[in-house]
Amino acid sequence: MAGESTPSTATAPVSTLPIGSYAAIGDSFTEGVGDPGPDGAFLGWADRLAVLLADRRDEHDFRYANLAVRGRLLDQIVAEQVPRAKELAPDLVTFCAGGNDIIRPGSDPDAVAERFEAAVADLTGAVPTVMITTGFDTRGVPVLRHLRGKVATYTAHVRSIADRYGCPVLDLWSLKSVQDRRAWDDDRLHLSPEGHTRVALRAAQVLGLEVPADPDQPWPPMEPRGSAEVTRDNIQWAREHLVPWIGRRLRGESSGDHVEPKRPDLLPL
């Protein structure tokens, strides 16, 4: 069952692989939305994973690109980012896509998975290691809770695709620590800095790295909240995040319109 999956060991650990370059492709999750950096750009789990990989090599001997753009659908990622990732020819690509498709009304996770598999086949034919990412367990995410069955179906497909193509899997469904609300940004759709950090640590574990902290380490106890506080938070969230999101949908706009990849070339860290 999807909820009982564990990190994949389909490929050799990174300690036996010459990972000197890494390109991340995807949407807002991989761009790092919810994890602001000091220069105004987002950091995120992929940037944090790149640092963990770079720390294993000599200074300036590791190169990293992040092609991800918020709001991108799977077909857009395949058209815009996959060819660029193949052109860059890194040692590692992380590929997370399909989430924005799944949350659309009427979407079919089986059809999305078929297109995802075609992209994985294309990438694995050109890149030594392609790590793919499952969906989160949305049971505790208020705005996405009703989509849990679709996300689970897509996650099961992703794991099957990983098995067929020998891809390591960043299994977010099994990462229980990100089911805490403190792992999520105020918009309830993107991870917080701590959430991104925990995903980066899990990704490093999947690649065979020793990590400085356990990504599933329990959160410290939290003061219980009263119903009035919860209601106030819900109203503020709806005003600041839900209403603008609905407005963009009605206007046919995306949060990624006019946004370019933050790191389109393989540059040293």
# chains A, B, ... in the order shown; residues from 1 in each chain; ligands from 1
$ residues_around --residues "A:Ala50" --least-positions-apart "3" --cutoff "8 Å" --atoms "only C-alpha atoms" --output "list in words"
Tyr22, Ala46, Asp47, Leu53, Ala54 and Tyr64 of chain A
$ select_by_dssp --residues "stretch 15-51 of chain A" --states "strand (DSSP E)" --output "short mmCIF file (atom, residue, chain, number, x, y, z; two decimals) with N, CA, C and O atoms, in the first residue's frame"
data_model
loop_
_atom_site.label_atom_id
_atom_site.label_comp_id
_atom_site.auth_asym_id
_atom_site.auth_seq_id
_atom_site.Cartn_x
_atom_site.Cartn_y
_atom_site.Cartn_z
N SER A 21 27.42 16.84 -10.21
CA SER A 21 26.51 17.85 -10.75
C SER A 21 25.08 17.38 -10.57
O SER A 21 24.79 16.18 -10.61
N TYR A 22 24.19 18.35 -10.41
CA TYR A 22 22.80 18.04 -10.07
C TYR A 22 21.89 19.10 -10.68
O TYR A 22 22.16 20.31 -10.56
N ALA A 23 20.81 18.66 -11.34
CA ALA A 23 19.79 19.57 -11.86
C ALA A 23 18.43 19.17 -11.30
O ALA A 23 18.05 18.00 -11.35
N ALA A 24 17.71 20.13 -10.76
CA ALA A 24 16.38 19.90 -10.19
C ALA A 24 15.34 20.44 -11.14
O ALA A 24 15.45 21.58 -11.62
N ILE A 25 14.30 19.63 -11.42
CA ILE A 25 13.22 20.08 -12.27
C ILE A 25 11.89 19.86 -11.56
O ILE A 25 11.75 18.92 -10.77
#
$ atom_distance --atom1 "atom CA of A:Leu207" --atom2 "atom CA of A:Pro168"
7.4 Å
$ closest_residue --among "A:Ser160, A:Lys262, A:Gly149, A:Met131" --to "A:Ala113" --atoms "only C-alpha atoms"
A:Ser160
$ select_by_dssp --residues "stretch 25-157 of chain A" --states "alpha helix (DSSP H)" --output "NGL selection string"
:A and (28-31 or 45-54 or 74-80 or 82-88 or 99-102 or 109-124 or 148-157)
$ residues_around --residues "A:Arg164" --least-positions-apart "2" --cutoff "12 Å" --atoms "only C-alpha atoms" --output "list in words"
Ala10, Thr11, Glu117, Ala118, Val120, Ala121, Thr124, His157, Val158, Arg159, Ser160, Ile161, Ala162, Gly166, Cys167, Pro168 and Val169 of chain A
$ write_last_selection --atoms "C-alpha atoms" --output "short mmCIF file (atom, residue, chain, number, x, y, z; two decimals), in the first residue's frame"
data_model
loop_
_atom_site.label_atom_id
_atom_site.label_comp_id
_atom_site.auth_asym_id
_atom_site.auth_seq_id
_atom_site.Cartn_x
_atom_site.Cartn_y
_atom_site.Cartn_z
CA ALA A 10 16.69 0.68 -6.46
CA THR A 11 20.07 2.23 -7.30
CA GLU A 117 6.38 7.70 -17.12
CA ALA A 118 7.17 8.83 -20.66
CA VAL A 120 11.03 9.34 -16.80
CA ALA A 121 11.90 7.02 -19.70
CA THR A 124 16.75 7.85 -17.61
CA HIS A 157 1.97 4.84 -9.94
CA VAL A 158 5.15 6.81 -9.23
CA ARG A 159 6.58 4.01 -7.10
CA SER A 160 5.77 1.46 -9.83
CA ILE A 161 7.46 3.65 -12.43
CA ALA A 162 10.52 3.93 -10.19
CA GLY A 166 15.52 1.71 -11.44
CA CYS A 167 15.01 5.20 -9.98
CA PRO A 168 15.57 6.08 -6.33
CA VAL A 169 12.40 7.42 -4.75
#
$ residues_around --residues "A:Ala65" --least-positions-apart "4" --cutoff "12 Å" --atoms "only C-alpha atoms" --output "PyMOL selection string"
chain A and resi 20-26+30-31+46-47+49-51+81+84-94+261-269
$ residues_around --residues "A:Ile77" --least-positions-apart "6" --cutoff "10 Å" --atoms "only C-alpha atoms" --output "MDAnalysis selection string"
chainID A and resid 25:27 67:69 71 83 95:98 119
$ residues_around --residues "A:Leu170" --least-positions-apart "4" --cutoff "10 Å" --atoms "only C-alpha atoms" --output "ChimeraX atom specification"
/A:6-8,94-96,131-135,159,174-175,199-200,202-207
$ write_last_selection --atoms "N, CA and C atoms" --output "short mmCIF file (atom, residue, chain, number, x, y, z; two decimals), in the first residue's frame"
data_model
loop_
_atom_site.label_atom_id
_atom_site.label_comp_id
_atom_site.auth_asym_id
_atom_site.auth_seq_id
_atom_site.Cartn_x
_atom_site.Cartn_y
_atom_site.Cartn_z
N THR A 6 8.50 2.62 1.75
CA THR A 6 9.75 3.05 2.37
C THR A 6 10.67 3.57 1.30
N PRO A 7 11.72 4.35 1.65
CA PRO A 7 12.61 4.88 0.65
C PRO A 7 13.20 3.77 -0.22
N SER A 8 13.29 4.06 -1.52
CA SER A 8 13.73 3.05 -2.47
C SER A 8 15.23 2.82 -2.37
N THR A 94 16.64 15.42 -10.11
CA THR A 94 15.45 15.12 -9.32
C THR A 94 14.24 15.61 -10.10
N PHE A 95 13.22 14.77 -10.16
CA PHE A 95 12.06 15.04 -11.00
C PHE A 95 10.81 14.91 -10.15
N CYS A 96 10.18 16.04 -9.89
CA CYS A 96 8.92 16.07 -9.15
C CYS A 96 7.91 16.84 -9.98
N MET A 131 16.16 10.73 -9.62
CA MET A 131 15.38 10.50 -8.40
C MET A 131 14.01 11.13 -8.59
N ILE A 132 12.96 10.33 -8.39
CA ILE A 132 11.61 10.84 -8.56
C ILE A 132 10.90 10.89 -7.21
N THR A 133 9.85 11.70 -7.16
CA THR A 133 9.25 12.09 -5.89
C THR A 133 7.78 11.74 -5.85
N THR A 134 7.34 11.15 -4.76
CA THR A 134 5.91 10.85 -4.59
C THR A 134 5.18 12.08 -4.06
N GLY A 135 3.87 11.96 -3.94
CA GLY A 135 3.09 13.00 -3.30
C GLY A 135 3.11 12.86 -1.79
N ARG A 159 5.71 5.06 -7.65
CA ARG A 159 6.58 4.01 -7.10
C ARG A 159 6.73 2.86 -8.11
N SER A 174 5.61 8.71 3.09
CA SER A 174 6.05 8.03 4.32
C SER A 174 6.78 8.95 5.29
N LEU A 175 7.02 10.20 4.89
CA LEU A 175 7.74 11.14 5.76
C LEU A 175 6.73 11.76 6.73
N VAL A 199 12.67 17.52 4.12
CA VAL A 199 12.63 16.82 2.83
C VAL A 199 14.04 16.69 2.26
N ALA A 200 14.86 17.72 2.38
CA ALA A 200 16.23 17.65 1.89
C ALA A 200 17.02 16.55 2.60
N ARG A 202 15.75 13.84 3.98
CA ARG A 202 15.27 12.54 3.51
C ARG A 202 15.83 12.24 2.11
N ALA A 203 15.87 13.24 1.23
CA ALA A 203 16.43 13.03 -0.10
C ALA A 203 17.88 12.59 -0.02
N ALA A 204 18.64 13.21 0.87
CA ALA A 204 20.03 12.82 1.04
C ALA A 204 20.14 11.39 1.54
N GLN A 205 19.28 11.00 2.46
CA GLN A 205 19.28 9.62 2.94
C GLN A 205 19.01 8.64 1.80
N VAL A 206 18.05 8.96 0.94
CA VAL A 206 17.72 8.09 -0.18
C VAL A 206 18.93 7.89 -1.08
N LEU A 207 19.76 8.93 -1.21
CA LEU A 207 20.95 8.85 -2.04
C LEU A 207 22.14 8.24 -1.31
#
$ closest_residue --among "A:Arg115, A:Ala126, A:Ala156, A:Phe29" --to "A:Gly99" --atoms "only C-alpha atoms"
A:Phe29
$ decode --residues "stretch 71-96 of chain A" --atoms "N, CA and C atoms" --output "CSV table (one decimal), in the first residue's frame"
chain,number,residue,atom,x,y,z
A,71,GLY,N,3.9,26.7,-10.2
A,71,GLY,CA,2.7,26.7,-11.0
A,71,GLY,C,2.7,25.8,-12.3
A,72,ARG,N,3.9,25.2,-12.6
A,72,ARG,CA,4.0,24.5,-13.8
A,72,ARG,C,3.3,23.2,-13.7
A,73,LEU,N,2.5,22.8,-14.8
A,73,LEU,CA,1.9,21.5,-15.0
A,73,LEU,C,2.9,20.6,-15.5
A,74,LEU,N,2.6,19.3,-15.5
A,74,LEU,CA,3.5,18.2,-15.9
A,74,LEU,C,3.9,18.5,-17.4
A,75,ASP,N,3.0,18.7,-18.3
A,75,ASP,CA,3.3,18.9,-19.7
A,75,ASP,C,4.2,20.1,-19.9
A,76,GLN,N,4.1,21.1,-19.1
A,76,GLN,CA,4.9,22.3,-19.2
A,76,GLN,C,6.4,21.9,-18.8
A,77,ILE,N,6.4,21.2,-17.7
A,77,ILE,CA,7.8,20.8,-17.2
A,77,ILE,C,8.5,19.9,-18.2
A,78,VAL,N,7.7,19.0,-18.8
A,78,VAL,CA,8.3,18.1,-19.8
A,78,VAL,C,8.8,18.9,-21.0
A,79,ALA,N,8.0,19.9,-21.4
A,79,ALA,CA,8.4,20.7,-22.6
A,79,ALA,C,9.5,21.7,-22.3
A,80,GLU,N,9.5,22.3,-21.2
A,80,GLU,CA,10.4,23.4,-20.9
A,80,GLU,C,11.7,22.9,-20.2
A,81,GLN,N,11.5,22.0,-19.2
A,81,GLN,CA,12.6,21.7,-18.3
A,81,GLN,C,13.4,20.4,-18.6
A,82,VAL,N,12.7,19.4,-19.1
A,82,VAL,CA,13.3,18.1,-19.3
A,82,VAL,C,14.4,18.2,-20.4
A,83,PRO,N,14.1,18.9,-21.6
A,83,PRO,CA,15.1,19.0,-22.6
A,83,PRO,C,16.4,19.8,-22.1
A,84,ARG,N,16.1,20.8,-21.3
A,84,ARG,CA,17.3,21.6,-20.7
A,84,ARG,C,18.1,20.7,-19.8
A,85,ALA,N,17.4,19.9,-18.9
A,85,ALA,CA,18.1,19.0,-18.0
A,85,ALA,C,19.0,18.0,-18.8
A,86,LYS,N,18.4,17.5,-19.9
A,86,LYS,CA,19.2,16.6,-20.7
A,86,LYS,C,20.4,17.3,-21.4
A,87,GLU,N,20.2,18.5,-21.8
A,87,GLU,CA,21.3,19.3,-22.4
A,87,GLU,C,22.4,19.5,-21.4
A,88,LEU,N,22.0,19.8,-20.1
A,88,LEU,CA,23.0,20.1,-19.1
A,88,LEU,C,23.8,18.8,-18.8
A,89,ALA,N,23.2,17.7,-18.9
A,89,ALA,CA,23.8,16.3,-18.7
A,89,ALA,C,24.4,16.2,-17.3
A,90,PRO,N,23.7,16.5,-16.2
A,90,PRO,CA,24.2,16.3,-14.9
A,90,PRO,C,24.3,14.8,-14.5
A,91,ASP,N,25.0,14.6,-13.4
A,91,ASP,CA,25.1,13.2,-12.9
A,91,ASP,C,23.7,12.8,-12.2
A,92,LEU,N,23.0,13.8,-11.7
A,92,LEU,CA,21.8,13.5,-11.0
A,92,LEU,C,20.7,14.5,-11.4
A,93,VAL,N,19.5,14.0,-11.6
A,93,VAL,CA,18.3,14.9,-11.8
A,93,VAL,C,17.3,14.4,-10.8
A,94,THR,N,16.6,15.4,-10.1
A,94,THR,CA,15.4,15.1,-9.3
A,94,THR,C,14.2,15.6,-10.1
A,95,PHE,N,13.2,14.8,-10.2
A,95,PHE,CA,12.1,15.0,-11.0
A,95,PHE,C,10.8,14.9,-10.2
A,96,CYS,N,10.2,16.0,-9.9
A,96,CYS,CA,8.9,16.1,-9.2
A,96,CYS,C,7.9,16.8,-10.0
